[in-house]
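Undergrad: Below is the file coords-v6.txt, which contains compact mmCIF, C-alpha atoms.
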```
# COMPACT_ATOMS: atom_id res chain seq x y z
CA MET A 1 160.92 8.68 62.06
CA SER A 2 164.08 10.54 63.02
CA SER A 3 162.06 13.66 63.81
CA ARG A 4 159.76 11.69 66.09
CA THR A 5 162.73 10.03 67.79
CA SER A 6 164.55 13.32 68.38
CA SER A 7 161.37 14.88 69.78
CA GLY A 8 160.89 11.95 72.15
CA GLN A 9 164.53 12.26 73.26
CA ALA A 10 164.00 15.98 73.89
CA VAL A 11 161.00 15.25 76.09
CA ALA A 12 162.99 12.63 77.99
CA ARG A 13 165.99 14.93 78.43
CA HIS A 14 164.10 18.06 79.48
CA GLY A 15 160.99 16.42 80.89
CA TRP A 16 161.60 17.27 84.53
CA ALA A 17 162.05 20.99 83.89
CA GLN A 18 158.99 21.05 81.65
CA ALA A 19 156.95 19.08 84.20
CA LEU A 20 157.95 21.52 86.95
CA GLY A 21 157.03 24.48 84.76
CA THR A 22 153.67 22.92 83.86
CA VAL A 23 152.72 22.27 87.49
CA LEU A 24 153.85 25.70 88.67
CA CYS A 25 151.93 27.42 85.87
CA ALA A 26 148.82 25.40 86.73
CA LEU A 27 149.18 26.25 90.42
CA LEU A 28 149.50 29.94 89.58
CA ALA A 29 146.53 29.73 87.20
CA MET A 30 144.43 28.22 89.98
CA GLY A 31 145.68 30.51 92.71
CA VAL A 32 145.00 33.81 90.96
CA PRO A 33 141.24 33.42 90.35
CA ALA A 34 140.84 31.71 93.73
CA ALA A 35 142.57 34.59 95.54
CA LEU A 36 140.66 37.26 93.63
CA GLY A 37 137.36 35.44 94.13
CA LEU A 38 137.93 35.04 97.86
CA TRP A 39 138.93 38.69 98.10
CA ALA A 40 135.74 39.72 96.30
CA ALA A 41 133.77 37.52 98.69
CA GLY A 42 135.30 39.30 101.70
CA ALA A 43 137.71 36.58 102.83
CA ALA A 44 140.56 39.11 103.02
CA ASP A 45 139.01 40.38 106.27
CA LEU A 46 139.33 37.03 108.04
CA PRO A 47 141.27 37.32 111.33
CA ASP A 48 144.62 35.85 112.33
CA GLY A 49 146.09 35.74 108.84
CA ALA A 50 143.62 33.10 107.71
CA PHE A 51 143.38 34.22 104.08
CA PRO A 52 146.36 32.20 102.71
CA LYS A 53 145.07 29.10 104.48
CA VAL A 54 141.57 29.56 103.10
CA LEU A 55 143.15 30.04 99.68
CA ALA A 56 145.02 26.75 100.04
CA ALA A 57 141.79 25.03 101.08
CA THR A 58 140.02 26.46 98.03
CA VAL A 59 142.66 25.04 95.68
CA VAL A 60 142.44 21.68 97.49
CA THR A 61 138.69 21.54 96.93
CA ALA A 62 139.22 22.56 93.29
CA VAL A 63 141.06 19.29 92.65
CA GLY A 64 138.45 17.19 94.45
CA GLY A 65 139.58 17.41 98.06
CA THR A 66 137.26 17.75 101.03
CA VAL A 67 137.54 20.24 103.89
CA GLU A 68 136.56 18.91 107.30
CA LEU A 69 135.34 21.20 110.07
CA SER A 70 136.12 20.53 113.70
CA GLY A 71 135.78 22.41 116.97
CA ASP A 72 136.82 22.48 120.59
CA ALA A 73 134.78 24.00 123.40
CA GLY A 74 135.16 21.40 126.09
CA GLU A 75 132.39 19.04 127.17
CA LEU A 76 129.78 21.79 127.23
CA ALA A 77 129.77 22.48 123.49
CA GLY A 78 130.05 20.56 120.30
CA THR A 79 130.72 21.31 116.64
CA GLU A 80 130.36 19.34 113.45
CA GLY A 81 130.55 19.96 109.76
CA GLY A 82 132.20 19.40 106.43
CA LEU A 83 132.50 20.96 103.00
CA THR A 84 132.43 19.16 99.67
CA VAL A 85 132.21 21.52 96.71
CA MET A 86 134.46 22.20 93.75
CA PRO A 87 134.97 25.86 92.76
CA LEU A 88 134.86 24.96 89.08
CA THR A 89 136.30 28.23 87.78
CA VAL A 90 139.49 27.36 89.63
CA THR A 91 139.24 23.74 88.54
CA LEU A 92 138.69 24.60 84.88
CA THR A 93 141.55 27.10 84.79
CA GLY A 94 144.00 24.65 86.30
CA ALA A 95 142.85 21.83 84.02
CA LEU A 96 143.29 23.92 80.88
CA VAL A 97 146.83 24.94 81.85
CA LEU A 98 147.82 21.41 82.88
CA GLY A 99 146.43 19.96 79.65
CA TRP A 100 148.25 22.56 77.55
CA GLY A 101 151.52 21.92 79.37
CA PHE A 102 151.13 18.17 78.99
CA LEU A 103 150.51 18.35 75.23
CA ARG A 104 152.95 21.10 74.30
CA PRO A 105 156.14 18.95 74.14
CA LEU A 106 154.23 16.38 72.06
CA ARG A 107 152.96 18.74 69.36
CA HIS A 108 153.79 18.33 65.67
CA ARG A 109 153.80 14.55 65.96
CA ALA A 110 151.35 11.94 64.74
CA VAL A 111 152.29 8.95 66.89
CA ALA A 112 153.78 8.55 70.35
CA GLY A 113 154.43 5.34 72.20
CA ALA A 114 152.44 4.48 75.31
CA PRO A 115 155.62 4.30 77.46
CA GLU A 116 156.59 7.80 76.37
CA LEU A 117 153.17 9.24 77.19
CA ALA A 118 153.10 7.40 80.51
CA GLY A 119 156.61 8.61 81.37
CA TRP A 120 155.74 12.23 80.60
CA ALA A 121 152.57 11.97 82.69
CA ALA A 122 154.53 10.34 85.53
CA ARG A 123 156.96 13.26 85.62
CA ILE A 124 154.09 15.70 86.00
CA ALA A 125 152.53 13.50 88.69
CA ALA A 126 155.81 13.29 90.59
CA VAL A 127 155.97 17.09 90.76
CA TRP A 128 152.24 17.34 91.49
CA VAL A 129 152.38 15.14 94.61
CA PRO A 130 154.54 17.45 96.79
CA VAL A 131 152.37 20.38 95.67
CA LEU A 132 149.28 18.53 96.91
CA VAL A 133 150.99 17.69 100.20
CA GLY A 134 151.98 21.31 100.72
CA LEU A 135 148.49 22.57 99.95
CA ALA A 136 146.85 20.02 102.25
CA LEU A 137 149.20 20.89 105.11
CA ALA A 138 148.64 24.61 104.60
CA ALA A 139 144.85 24.29 104.42
CA ARG A 140 144.16 24.28 108.15
CA HIS A 141 143.20 27.01 110.57
CA THR A 142 141.22 27.62 113.75
CA PHE A 143 138.79 30.47 114.44
CA GLU A 144 137.21 31.63 117.67
CA ILE A 145 133.41 31.77 117.35
CA SER A 146 131.48 34.56 119.03
CA LEU A 147 128.28 33.33 120.66
CA GLY A 148 126.75 36.78 120.31
CA GLU A 149 123.92 38.02 122.48
CA GLY A 150 121.02 36.01 123.84
CA PRO A 151 120.87 32.66 125.66
CA LEU A 152 123.98 31.21 124.01
CA GLY A 153 126.02 34.30 124.78
CA ASP A 154 124.86 34.29 128.41
CA LEU A 155 125.77 30.62 128.78
CA GLY A 156 129.16 31.27 127.24
CA ASP A 157 129.86 34.08 129.71
CA LEU A 158 128.59 31.99 132.63
CA PHE A 159 130.75 28.96 131.92
CA GLY A 160 133.65 30.75 130.27
CA ILE A 161 133.09 29.01 126.95
CA THR A 162 134.99 30.25 123.92
CA PRO A 163 134.20 27.83 121.09
CA GLU A 164 136.79 27.29 118.41
CA VAL A 165 136.01 26.01 114.95
CA GLY A 166 138.72 24.99 112.55
CA PHE A 167 139.12 23.42 109.16
CA SER A 168 141.64 20.93 107.88
CA THR A 169 142.15 18.39 105.13
CA ASP A 170 143.11 14.74 105.07
CA VAL A 171 146.58 14.75 103.50
CA PRO A 172 146.66 11.14 102.15
CA LEU A 173 143.13 11.45 100.78
CA THR A 174 143.94 14.81 99.19
CA VAL A 175 146.97 13.31 97.44
CA LEU A 176 144.97 10.32 96.21
CA VAL A 177 142.04 12.38 94.92
CA GLY A 178 144.39 14.97 93.44
CA LEU A 179 146.24 12.29 91.48
CA VAL A 180 142.97 10.88 90.17
CA TRP A 181 141.97 14.41 89.12
CA LEU A 182 145.33 14.89 87.38
CA ALA A 183 144.98 11.58 85.53
CA GLY A 184 141.50 12.58 84.37
CA VAL A 185 142.77 15.95 83.13
CA LEU A 186 145.61 14.39 81.13
CA VAL A 187 143.35 11.75 79.58
CA VAL A 188 140.77 14.36 78.59
CA ALA A 189 143.56 16.52 77.14
CA LEU A 190 144.58 13.64 74.86
CA LEU A 191 140.96 13.06 73.86
CA VAL A 192 140.06 16.63 72.96
CA SER A 193 143.28 17.60 71.17
CA ARG A 194 143.14 17.01 67.44
CA GLY A 195 146.91 17.23 67.03
CA ALA A 196 148.20 15.32 70.06
CA PRO A 197 149.96 12.04 69.23
CA LEU A 198 148.47 8.69 70.18
CA PRO A 199 149.92 5.20 70.38
CA ALA A 200 149.60 3.41 67.02
CA ARG A 201 147.04 0.94 68.39
CA LEU A 202 144.69 3.78 69.37
CA LEU A 203 144.80 5.71 66.10
CA ARG A 204 141.67 3.94 64.85
CA PHE A 205 139.67 5.79 67.53
CA HIS A 206 140.87 9.19 66.34
CA ALA A 207 138.04 9.76 63.86
CA SER A 208 135.19 8.76 66.16
CA VAL A 209 136.31 9.92 69.61
CA ARG A 210 138.26 13.12 69.19
CA PRO A 211 135.71 15.21 67.24
CA ALA A 212 133.01 14.34 69.78
CA ALA A 213 135.30 15.07 72.74
CA TYR A 214 136.36 18.38 71.23
CA ALA A 215 132.72 19.32 70.62
CA MET A 216 131.86 18.62 74.26
CA LEU A 217 134.74 20.79 75.46
CA LEU A 218 133.52 23.52 73.15
CA LEU A 219 129.99 23.11 74.56
CA LEU A 220 131.14 23.48 78.16
CA LEU A 221 133.38 26.47 77.40
CA SER A 222 130.56 28.12 75.44
CA CYS A 223 128.27 27.79 78.46
CA VAL A 224 130.90 29.50 80.61
CA ALA A 225 131.36 32.26 78.02
CA VAL A 226 127.61 32.92 77.91
CA GLY A 227 127.47 32.97 81.70
CA LEU A 228 130.40 35.38 81.85
CA LEU A 229 128.64 37.78 79.48
CA VAL A 230 125.40 37.63 81.50
CA ALA A 231 127.25 38.07 84.80
CA LEU A 232 129.12 41.13 83.55
CA VAL A 233 125.85 42.69 82.40
CA VAL A 234 124.29 41.94 85.79
CA ALA A 235 127.26 43.45 87.62
CA ALA A 236 127.11 46.60 85.48
CA THR A 237 123.34 47.14 85.66
CA ARG A 238 122.06 45.69 88.93
CA GLY A 239 124.87 46.35 91.39
CA HIS A 240 126.35 43.79 93.80
CA ALA A 241 129.50 43.80 91.69
CA ALA A 242 131.70 42.23 94.37
CA GLU A 243 129.37 39.26 94.89
CA THR A 244 129.00 38.78 91.15
CA PHE A 245 132.75 38.78 90.57
CA ALA A 246 133.18 36.32 93.44
CA VAL A 247 130.83 33.94 91.63
CA ILE A 248 132.64 34.51 88.31
CA LEU A 249 136.07 33.84 89.77
CA LEU A 250 135.07 30.87 91.91
CA GLY A 251 131.96 29.13 90.65
CA LEU A 252 130.70 30.37 87.28
CA PRO A 253 130.89 26.87 85.69
CA ASN A 254 129.01 25.50 88.72
CA VAL A 255 126.07 27.73 87.86
CA MET A 256 126.21 27.45 84.07
CA TRP A 257 126.75 23.70 83.83
CA LEU A 258 123.95 23.18 86.35
CA ALA A 259 121.73 25.35 84.13
CA LEU A 260 122.75 23.27 81.10
CA THR A 261 121.70 20.00 82.71
CA ILE A 262 118.42 21.52 83.89
CA GLY A 263 117.80 22.87 80.40
CA LEU A 264 118.26 19.33 79.08
CA GLY A 265 115.64 18.05 81.53
CA ALA A 266 117.67 16.88 84.54
CA THR A 267 116.43 17.06 88.12
CA TRP A 268 118.61 17.89 91.11
CA ASP A 269 117.69 17.41 94.77
CA GLY A 270 118.74 20.07 97.22
CA ARG A 271 118.10 22.04 100.34
CA VAL A 272 119.33 25.34 101.74
CA ASP A 273 119.02 26.12 105.45
CA GLY A 274 120.59 28.70 107.70
CA PRO A 275 122.58 31.79 106.71
CA PHE A 276 124.27 30.15 103.74
CA GLY A 277 122.95 29.95 100.22
CA LEU A 278 123.71 29.18 96.61
CA PRO A 279 125.23 31.70 94.20
CA MET A 280 123.20 33.56 91.60
CA PRO A 281 120.59 33.37 90.26
CA HIS A 282 118.52 33.96 93.38
CA VAL A 283 115.69 31.75 92.13
CA LEU A 284 117.80 28.67 92.94
CA ASP A 285 117.96 29.68 96.58
CA GLU A 286 114.22 30.34 96.63
CA VAL A 287 113.36 26.88 95.34
CA LEU A 288 115.68 25.06 97.74
CA ARG A 289 115.09 27.03 100.94
CA THR A 290 112.43 24.65 102.27
CA PRO A 291 112.08 22.49 105.40
CA GLU A 292 112.71 19.33 103.39
CA VAL A 293 114.79 18.35 100.37
CA SER A 294 113.28 19.87 97.21
CA ALA A 295 113.45 19.01 93.53
CA LEU A 296 115.23 21.50 91.28
CA ASN A 297 114.16 21.28 87.64
CA LEU A 298 112.45 23.28 84.92
CA ALA A 299 109.00 22.89 86.45
CA THR A 300 109.92 24.03 89.96
CA LEU A 301 112.00 26.94 88.66
CA ALA A 302 109.26 28.04 86.24
CA GLU A 303 106.85 28.39 89.17
CA ARG A 304 108.95 31.35 90.34
CA ASP A 305 110.40 32.68 87.10
CA GLY A 306 108.97 31.83 83.69
CA ARG A 307 112.16 32.93 81.94
CA VAL A 308 113.75 29.59 82.78
CA TRP A 309 111.92 28.10 79.79
CA TRP A 310 114.61 29.79 77.70
CA LEU A 311 117.09 27.26 79.12
CA PRO A 312 116.01 24.43 76.74
CA VAL A 313 116.15 26.88 73.82
CA ALA A 314 119.68 27.97 74.72
CA ALA A 315 120.74 24.36 75.30
CA ALA A 316 119.38 23.36 71.88
CA MET A 317 121.29 26.14 70.12
CA LEU A 318 124.57 25.28 71.85
CA LEU A 319 124.11 21.56 71.20
CA LEU A 320 123.34 22.15 67.54
CA ALA A 321 126.49 24.23 67.14
CA ALA A 322 128.56 21.56 68.93
CA ALA A 323 127.07 18.82 66.73
CA PHE A 324 127.91 20.79 63.60
CA VAL A 325 131.51 21.25 64.76
CA MET A 326 131.77 17.55 65.55
CA ALA A 327 130.50 16.57 62.12
CA ALA A 328 132.70 19.11 60.35
CA LEU A 329 135.81 17.71 62.06
CA SER A 330 134.90 14.10 61.34
CA PRO A 331 135.79 12.18 58.16
CA ALA A 332 133.18 12.40 55.41
CA ARG A 333 132.67 8.62 55.47
CA ILE A 334 130.89 8.82 58.84
CA ARG A 335 127.13 8.90 58.28
CA ALA A 336 124.56 11.11 59.98
CA TRP A 337 123.20 8.34 62.19
CA GLN A 338 126.75 7.56 63.35
CA HIS A 339 127.21 11.22 64.26
CA ALA A 340 124.00 10.98 66.27
CA VAL A 341 125.29 7.97 68.22
CA HIS A 342 128.67 9.61 68.85
CA MET A 343 126.97 12.79 70.03
CA ALA A 344 124.59 10.91 72.33
CA VAL A 345 127.38 8.96 74.03
CA ALA A 346 129.62 12.01 74.36
CA LEU A 347 126.83 14.18 75.77
CA ALA A 348 125.77 11.51 78.27
CA LEU A 349 129.35 11.18 79.52
CA THR A 350 129.67 14.96 79.72
CA VAL A 351 126.46 15.31 81.72
CA ALA A 352 127.61 12.51 84.03
CA ALA A 353 130.88 14.39 84.62
CA VAL A 354 128.97 17.62 85.33
CA CYS A 355 126.75 15.80 87.82
CA LEU A 356 129.83 14.37 89.54
CA LEU A 357 131.66 17.71 89.68
CA GLY A 358 128.66 19.90 90.49
CA ARG A 359 127.57 18.25 93.74
CA VAL A 360 127.50 20.49 96.81
CA SER A 361 127.48 19.43 100.44
CA ALA A 362 128.16 22.05 103.12
CA ARG A 363 127.24 21.45 106.75
CA VAL A 364 128.32 23.31 109.86
CA GLY A 365 126.76 23.40 113.30
CA LEU A 366 127.49 24.46 116.87
CA SER A 367 125.59 23.61 120.03
CA VAL A 368 126.13 24.75 123.61
CA LEU A 369 124.45 22.67 126.33
CA GLY A 370 122.18 21.32 123.63
CA ILE A 371 121.09 24.80 122.52
CA GLY A 372 121.76 25.74 118.94
CA ASP A 373 121.64 23.47 115.93
CA LEU A 374 122.08 23.47 112.18
CA GLY A 375 118.96 25.52 111.72
CA GLY A 376 120.11 28.34 113.96
CA GLY A 377 122.28 31.36 113.34
CA LEU A 378 125.46 29.46 114.22
CA GLY A 379 125.14 26.83 111.53
CA GLY A 380 123.81 26.08 108.11
CA LEU A 381 123.25 23.44 105.48
CA VAL A 382 123.58 23.51 101.71
CA LEU A 383 122.91 20.33 99.74
CA LEU A 384 122.74 19.78 95.99
CA GLU A 385 122.76 16.29 94.47
CA PRO A 386 121.79 15.16 90.96
CA ARG A 387 119.31 12.46 90.08
CA LEU A 388 121.78 10.84 87.74
CA TRP A 389 119.37 8.77 85.65
CA SER A 390 117.06 11.73 85.16
CA ALA A 391 120.03 13.54 83.63
CA LEU A 392 121.48 10.75 81.48
CA GLY A 393 118.24 9.75 79.76
CA PRO A 394 117.43 13.20 78.34
CA ALA A 395 121.11 13.68 77.45
CA LEU A 396 121.06 10.57 75.28
CA LEU A 397 117.89 11.72 73.53
CA TRP A 398 119.16 15.26 73.00
CA GLY A 399 122.44 13.87 71.68
CA LEU A 400 120.74 11.61 69.14
CA VAL A 401 118.49 14.38 67.82
CA MET A 402 121.06 17.17 67.74
CA GLY A 403 123.84 14.91 66.50
CA PHE A 404 121.76 13.95 63.47
CA ALA A 405 120.54 17.52 62.88
CA GLY A 406 124.04 18.98 63.15
CA ALA A 407 125.47 16.45 60.72
CA LEU A 408 123.13 17.40 57.87
CA PRO A 409 124.50 20.91 57.12
CA ALA A 410 128.07 19.64 57.56
CA ARG A 411 127.82 17.18 54.66
CA GLY A 412 128.83 19.80 52.10
CA ILE A 413 132.00 20.85 53.95
CA ARG A 414 135.28 19.73 52.44
CA ARG A 415 137.35 17.94 55.07
CA ARG A 416 141.10 18.19 55.36
CA GLY A 417 142.82 15.82 53.00
CA GLU A 418 139.77 15.13 50.81
CA THR A 419 140.03 15.22 47.04
CA ASP A 420 137.39 15.31 44.34
CA GLY A 421 136.51 12.05 42.71
```
What's the C-alpha cells form of this structure?
TA:
Amino acid sequence: MSSRTSSGQAVARHGWAQALGTVLCALLAMGVPAALGLWAAGAADLPDGAFPKVLAATVVTAVGGTVELSGDAGELAGTEGGLTVMPLTVTLTGALVLGWGFLRPLRHRAVAGAPELAGWAARIAAVWVPVLVGLALAARHTFEISLGEGPLGDLGDLFGITPEVGFSTDVPLTVLVGLVWLAGVLVVALLVSRGAPLPARLLRFHASVRPAAYAMLLLLLSCVAVGLLVALVVAATRGHAAETFAVILLGLPNVMWLALTIGLGATWDGRVDGPFGLPMPHVLDEVLRTPEVSALNLATLAERDGRVWWLPVAAAMLLLAAAFVMAALSPARIRAWQHAVHMAVALALTVAAVCLLGRVSARVGLSVLGIGDLGGGLGGLVLLEPRLWSALGPALLWGLVMGFAGALPARGIRRRGETDG
C-alpha cells in the first residue's frame, strides 16, 4: 500500500514534466515519418516555403482533423474542395508513443484509483491542447494555380486571372477532434496493457477484456509488419522506391488494414477520378477508376488479379495466431466457447475502428467561366467508404470460428500463477 501511495505521489508531483515529455515525444514521433514521407512524395519541392505547413496539416489529419480547400480568383473563377484522410502510419506512431508515455509512470502497480488516472490523463490533455492549436494555425497556405495552355490558359491571360488555392483547418474543430482522438488512445492503452493498473471496480474485466484487446493490437501490428516486408521487397525489385517509401511512411496501415477487412469479406464503395489515385497496389486504382461509385471487395479485385484470393488465407493465419495468443494470456477457467465470443466481439470492434479510420474523401476542383470541373486536369476526386454491416457480419463469424480454434491448442499451456492440483 505504501509503495502504491508513493508511486501515486510521484506521478502527482512530477506529472506536468512527464506529460510535457510524453506529448513532445509523440509530436516528434509523428513529425519524423510525416516529414520523410512527404519528402519522398516530392512535397519538399513545393513553392513559397509550403513544406512545413503541409507537414503541420498532415499531423492534423493524423489525429482526425480535416483540411479544407479554398480559392480566390474573383467572380470569374471558383474553387472548391476538402480532404478527409488519416495517414495511419503517422497516427499509429503517435498513438504508440502517447500510450507508452501514459502508462510508464503507472507501471509496477496493480491498482490505481480512477481520480489518479483521470488526473494523469488531464495533464497530458492540457499539454496536448496548445499543441493542437499551434498545428491548426500553422496548417494553412495559399498557392497560385497555373491554368496551363489551352482554353483555360487563354481565358486567364485575357482576363488577367491568377487563381489561388489554399488550405486551412478549423481550429476549434481540430482541438475537439484531437482531444477525442487522445482520449481514445489513452483508453485503448489501458485496455491492451497487461500490466497497467486499473481501478478496483474494473479489475473483474481484466481477464476477459485485456487478452482480447492485446490480441487485436497484435493482429493490427502484424498486418503492418507483413505490409512493410512486402513493400520493401517491391521497392528493391520493381523500382519506384520513392513512391513506395512515401506509402510506407504515410499510409501503410491504410493499405494493410483495408486489405485485412477485404480478406474477411468486407465491401468498400469508392471512386477515383482525375489525376489523383490511391496508393499501392495498383489494382485498387483500377477497380475504382470508373464513371460511377464502384464496389471494392474480393470478387471485384479477383477479376483483375487472382492473387487477391490469398487475402482470406493470410487473414485466417493472422487471426488464428491472435486467437492463440488471446487464449494463452487468459485464465485457464475460461472455456473455448467463451474465447470464441470474446474474439468475435473484439474483432468486430476492431474492424469497426478500421472502417472509421480508413475512410478517404478528397475533392478539389477549379472552374473558370464555367470551364473546368472535377473531372478535368485541374481537379480530382478520391472516395473510399466502407459498407459497415458488410464488414461487421463476417468479422463476427471469423471471430467465433478462429477464437474457438485458437483456444484448443492453448489448453495445455500453463498460465502464470497456476499450480498443479
Undergrad: Using only C-alpha atoms, what table do you get, as a tab-separated table, when you list each residue of segment 310-331 of chain A with an atom no more than 12 Å from segment 180-202 of chain A, its nearest pair of atoms, and their distance in Å rounded to one decimal, rows by chain then rising number?
TA:
```
residue	atom	partner	partner_atom	distance
A:Met326	CA	A:Val192	CA	11.2
A:Leu329	CA	A:Arg194	CA	9.1
A:Ser330	CA	A:Arg194	CA	10.7
```
Undergrad: Smallest atom-to-atom distance to Arg387 of chain A: which of A:Leu296, A:Val23, A:Leu288, A:Val127, using only C-alpha atoms?
TA: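 For Arg387 of chain A, the nearest of the given residues is A:Leu296.
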Undergrad: So how far away is atom CA of Ala125 of chain A from atom CA of Leu137 of chain A, in Å?
TA: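 Separation between atom CA of Leu137 of chain A and atom CA of Ala125 of chain A: 18.3 Å.
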Undergrad: Which distance in Å separates atom CA of Gly99 of chain A and atom CA of Val54 of chain A, to one decimal?
TA: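 Atom CA of Gly99 of chain A sits 25.8 Å away from atom CA of Val54 of chain A.
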Undergrad: So, with all atoms listed in the file as the atoms that count, which of A:Leu298, A:Ala35, A:Ala56, A:Gly406 lies closest to Trp310 of chain A?
TA: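 The shortest atom-to-atom distance to Trp310 of chain A comes from A:Leu298.
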Undergrad: Take atom CA of Pro172 of chain A and atom CA of Val59 of chain A and report the distance between them in Å, one decimal.
TA: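 Those two atoms sit 15.8 Å apart.
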Undergrad: Of the candidates A:Ala241, A:Ile334, A:Leu383, A:Leu357, which shows the shortest atom-to-atom distance to Phe404 of chain A, using all atoms listed in the file?
TA: A:Ile334
Undergrad: Please determine, counting only C-alpha atoms, which residue among A:Ser361, A:Thr261, A:Ser390, A:Thr22 has the shortest atom-to-atom distance to Leu83 of chain A.
TA: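 Of all the options, A:Ser361 lies closest to Leu83 of chain A.
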Undergrad: When distances are computed from only C-alpha atoms, which of A:Leu46, A:Ile124, A:Leu38, A:Val85 shows the smallest separation from Arg359 of chain A?
TA: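 Counting only C-alpha atoms, the residue closest to Arg359 of chain A is A:Val85.
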Undergrad: Of the candidates A:Leu347, A:Val247, A:Ala391, A:Ala332, which shows the shortest atom-to-atom distance to Arg411 of chain A, using all atoms listed in the file?
TA: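 Selected residue with least distance to Arg411 of chain A: A:Ala332.
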Undergrad: Within 9 Å of Trp128 of chain A, counting only C-alpha atoms, which residues show up once you throw out same-chain ones fewer than 5 positions away? Write them as a list in words, please.
TA: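 In the requested format, the answer is Ala19, Leu20, Val23, Leu24, Arg123, Val133, Val175, Gly178, Leu179 and Leu182 of chain A.
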Undergrad: Would you mind listing what lies within 7 Å of Ala346 of chain A as a ChimeraX atom specification, with all atoms listed in the file counted and same-chain residues fewer than 5 positions away left out?
TA: /A:212-213,216
